[in-house]
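I have placed the structure first, in the form of structure tokens, so that the comments after it can refer back to it.
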Amino acid sequence: MHLREEAMDEEEPDIREQIFHNTVREHTIFLLLFMLLYLGSYALIGRFRRRDREDLFSTDDDELTVYRISLWMCTFALAIAIGAALLLPLSIASNEVLILYPNSYYVKWLNSSLIQGLWNHVFLFSNLSLFVLLPFSYLFAESAGFVGHRKGIISRAYETFTVFSLLAFVVLGLTYVISALIDPEKSSLQTLLNLGSYHLPFLYSCVSFLGVLLLLVCTPLGFVRLFGVVGQVLVKPHLLRDVNEEFHAFNLEEASVRRKLATASNHVEPPPATYDPLKVQSDGLYQRRINGNSHEEHELNERLRELESDRRELDKLRSSSAFQRNFVYPIAMILLLFLTGITVLLVVQNTLELLIGIKALPLSTRQFTLGITSLSKLGPLGAALEVCIIFYLGATSSVGFYTMPFMRHVRPRRRKTSLSQLIVNCAMVLILSSALPLLSRILGISNFDLLGDFGEIEWLGNFQIVFLYNLVFGTATTLCIVNKFTATVRRELCARLVENYLLVINYVSVIN
């Protein structure tokens, strides 16, 4: 008995020590991941933020301090947004790695507790960034201090806290009213005072629902717009075309238009001895005034712009390699078509399974343990395909969102984006990235359960919402793709039909 008690006393410290080491290891991994995401986010923001006196190089020290604090909060929110977008792919990859190497010493740190904690931390910091840091940074950057108080950072902080408190009171009041209308049984005083465990999750549920609806519009458009983006970045193969001949023809026409412009402006100058029609000369032709007799000159200027644009495209074709034209571009287009087709097929399959009753709703009801079974029918290959599709959905939703007309004034531009625009963009990216795991789970892209508070969002258990979302998404994506690849044929058919109709009308009128 005495020996048994001593053995038990020796085991207890080992268990406590193991728990302590596991906790320290997990928090160290979280810290390293966050540092990597923060550095990447800071570098990304640095490519877009404006660098002039109004933002960075201010002579006022208080203004510079406010700018730096707001920029740090903005960078923190962008890092959390990137982490939210990576949640589901990292979880799927971790599960497959543990299945392939269950006894490997190098992956023992990868466990369910680590992944669960990662989901919980991202959910917590997403709420913190969306409802606290980003609004506070925007108000702090736009504040000027109370009237009658001494100007400085303290006065601006007081104003920011006051406005933020009033805004939070209004938002929480609206949240309580909406929740009372949806579920009258929960409209009690205890619920009103229960801020952390009821109001913020419900508010985040509403925001995530708006994000998923926004993805419903952005993603089908992104499928179509991404083909255009790839066509602009990569060089298309020029089949049955003599690019060199077209290039020299555009050069001759451009030189002719320049001579006509010089004649029309009554300012004819002989070309210099080193005149090269292949080189674009900034001779100020675009800045001429259009007076009463300059209509022809205006048309020539427009034609000159078109010729220069076409010539640059042809020059890009001439300078590209045959490998890039004939291999990279077709492979990229085939890959886009393949991923789009697989996505549509998965959505159709998920819709039918939901309708029949085979597939469960995406609301998480059980605790998932990593490394037990593969959640893909194709094993590691299917899991890799799911990860690729999730990244593809993220790329298409971003392209579709930033090509929308209402994003024209908010869209970030390199070295020209102000701090307020950066904050708005970070908020929108955070909403979209937080809704990306929900989108992937709703569409049945992956069977990996949403962990933590992500899987407890109530509207995920509504069959009508989930089924209707799959139906609308599949239909909209199919229509967009069909419209993209049949638009030219349909326009040509309509033109031919109209032409034949006019011929018949003219023939009938001649006979009569």
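Chain labels follow the order of the structure tokens: the first chain is A, the next B, and so on; residue numbering restarts at 1 in every chain, and ligands are counted from 1 in their shown order.
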
Non-local contacts of segment 441-451 of chain A (7 Å; only C-alpha atoms; under 5 positions in same chain excluded) as an mmCIF file with C-alpha atoms, in the first residue's frame:
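Once everything was written out, this is selection07.cif:
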data_model
loop_
_atom_site.group_PDB
_atom_site.id
_atom_site.type_symbol
_atom_site.label_atom_id
_atom_site.label_comp_id
_atom_site.auth_asym_id
_atom_site.auth_seq_id
_atom_site.Cartn_x
_atom_site.Cartn_y
_atom_site.Cartn_z
ATOM 1 C CA ILE A 92 -8.266 19.929 -42.713
ATOM 2 C CA GLN A 116 -9.752 24.013 -30.888
ATOM 3 C CA TRP A 119 -10.626 28.516 -33.500
ATOM 4 C CA LEU A 346 -20.186 19.830 -54.902
ATOM 5 C CA VAL A 347 -22.882 22.441 -54.369
ATOM 6 C CA ASN A 350 -24.870 19.032 -51.201
ATOM 7 C CA PRO A 362 -23.653 22.582 -40.672
ATOM 8 C CA SER A 364 -21.884 21.602 -34.934
ATOM 9 C CA LEU A 375 -13.364 13.431 -43.694
ATOM 10 C CA GLU A 386 -10.968 20.748 -50.592
ATOM 11 C CA VAL A 466 -29.103 26.522 -45.725
ATOM 12 C CA ASN A 470 -27.179 26.286 -51.757
#

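Shell of Phe338 of chain A at 12 Å, with only C-alpha atoms counted and residues fewer than 4 places along the chain excluded, is Phe223, Ile331, Ala332, Met333, Ile334, Ile342, Thr343, Val344, Leu345, Leu385, Cys388, Ile389 and Tyr392 of chain A.
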
Selected residues, all heavy atoms, written as a compact mmCIF listing (two decimals), in the first residue's frame, please.
# COMPACT_ATOMS: atom_id res chain seq x y z
N PHE A 223 -16.20 34.34 -59.95
CA PHE A 223 -15.89 33.25 -60.88
C PHE A 223 -15.71 33.78 -62.30
O PHE A 223 -14.82 33.33 -63.03
CB PHE A 223 -17.02 32.21 -60.86
CG PHE A 223 -17.00 31.32 -59.65
CD1 PHE A 223 -18.15 31.10 -58.92
CD2 PHE A 223 -15.85 30.70 -59.24
CE1 PHE A 223 -18.16 30.29 -57.81
CE2 PHE A 223 -15.82 29.88 -58.13
CZ PHE A 223 -16.99 29.67 -57.41
N ILE A 331 -3.06 26.23 -69.26
CA ILE A 331 -3.14 25.49 -68.01
C ILE A 331 -3.90 26.28 -66.95
O ILE A 331 -4.71 25.73 -66.20
CB ILE A 331 -1.72 25.13 -67.52
CG1 ILE A 331 -1.09 24.09 -68.44
CG2 ILE A 331 -1.75 24.62 -66.09
CD1 ILE A 331 -1.82 22.77 -68.49
N ALA A 332 -3.66 27.60 -66.90
CA ALA A 332 -4.36 28.44 -65.92
C ALA A 332 -5.87 28.45 -66.20
O ALA A 332 -6.68 28.33 -65.27
CB ALA A 332 -3.81 29.86 -65.96
N MET A 333 -6.25 28.57 -67.45
CA MET A 333 -7.66 28.58 -67.80
C MET A 333 -8.32 27.23 -67.52
O MET A 333 -9.45 27.15 -67.00
CB MET A 333 -7.85 28.96 -69.27
CG MET A 333 -7.63 30.42 -69.54
SD MET A 333 -8.86 31.43 -68.67
CE MET A 333 -8.29 33.07 -69.04
N ILE A 334 -7.63 26.15 -67.85
CA ILE A 334 -8.17 24.82 -67.56
C ILE A 334 -8.32 24.60 -66.06
O ILE A 334 -9.31 24.01 -65.59
CB ILE A 334 -7.26 23.74 -68.20
CG1 ILE A 334 -7.35 23.81 -69.73
CG2 ILE A 334 -7.64 22.35 -67.71
CD1 ILE A 334 -6.37 22.90 -70.44
N ILE A 342 -15.85 21.73 -60.33
CA ILE A 342 -15.89 20.92 -59.12
C ILE A 342 -16.72 21.60 -58.04
O ILE A 342 -17.51 20.95 -57.32
CB ILE A 342 -14.47 20.63 -58.63
CG1 ILE A 342 -13.75 19.71 -59.61
CG2 ILE A 342 -14.49 19.99 -57.25
CD1 ILE A 342 -14.36 18.33 -59.73
N THR A 343 -16.57 22.91 -57.91
CA THR A 343 -17.34 23.65 -56.91
C THR A 343 -18.83 23.55 -57.18
O THR A 343 -19.63 23.31 -56.26
CB THR A 343 -16.90 25.13 -56.88
OG1 THR A 343 -15.49 25.20 -56.65
CG2 THR A 343 -17.63 25.88 -55.80
N VAL A 344 -19.21 23.73 -58.44
CA VAL A 344 -20.64 23.64 -58.79
C VAL A 344 -21.17 22.23 -58.54
O VAL A 344 -22.28 22.05 -58.01
CB VAL A 344 -20.85 24.07 -60.26
CG1 VAL A 344 -22.29 23.83 -60.68
CG2 VAL A 344 -20.49 25.53 -60.44
N LEU A 345 -20.40 21.22 -58.89
CA LEU A 345 -20.85 19.84 -58.65
C LEU A 345 -21.00 19.54 -57.16
O LEU A 345 -21.96 18.87 -56.75
CB LEU A 345 -19.85 18.86 -59.28
CG LEU A 345 -19.81 18.83 -60.81
CD1 LEU A 345 -18.74 17.86 -61.29
CD2 LEU A 345 -21.18 18.42 -61.38
N LEU A 385 -7.75 18.71 -52.39
CA LEU A 385 -8.68 19.36 -53.32
C LEU A 385 -9.63 20.29 -52.57
O LEU A 385 -9.94 21.40 -53.04
CB LEU A 385 -9.47 18.29 -54.09
CG LEU A 385 -10.46 18.81 -55.13
CD1 LEU A 385 -9.75 19.61 -56.20
CD2 LEU A 385 -11.23 17.65 -55.75
N CYS A 388 -7.76 23.46 -51.77
CA CYS A 388 -7.62 24.29 -52.98
C CYS A 388 -8.93 25.00 -53.31
O CYS A 388 -8.92 26.18 -53.69
CB CYS A 388 -7.17 23.42 -54.15
SG CYS A 388 -5.50 22.76 -54.01
N ILE A 389 -10.05 24.32 -53.16
CA ILE A 389 -11.35 24.93 -53.47
C ILE A 389 -11.66 26.04 -52.48
O ILE A 389 -12.21 27.09 -52.84
CB ILE A 389 -12.45 23.86 -53.48
CG1 ILE A 389 -12.24 22.91 -54.67
CG2 ILE A 389 -13.83 24.50 -53.57
CD1 ILE A 389 -13.23 21.77 -54.71
N TYR A 392 -9.68 28.91 -53.45
CA TYR A 392 -10.26 29.42 -54.69
C TYR A 392 -11.51 30.25 -54.40
O TYR A 392 -11.71 31.31 -55.02
CB TYR A 392 -10.57 28.25 -55.60
CG TYR A 392 -11.17 28.65 -56.94
CD1 TYR A 392 -10.48 29.49 -57.81
CD2 TYR A 392 -12.41 28.18 -57.34
CE1 TYR A 392 -11.01 29.85 -59.03
CE2 TYR A 392 -12.95 28.52 -58.56
CZ TYR A 392 -12.25 29.35 -59.40
OH TYR A 392 -12.77 29.72 -60.61

If you count only C-alpha atoms, the residue of A:Trp109, A:Thr160, A:Cys426, A:Met73 closest to His21 of chain A turns out to be A:Trp109

Here is a test: counting only C-alpha atoms, which residue of A:Ser104, A:Leu200, A:Tyr501, A:Gly452 is nearest to Asn120 of chain A? A:Gly452

One decimal, in Å: what's the spacing between atom CA of Tyr38 of chain A and atom CA of Phe454 of chain A? 22.5 Å
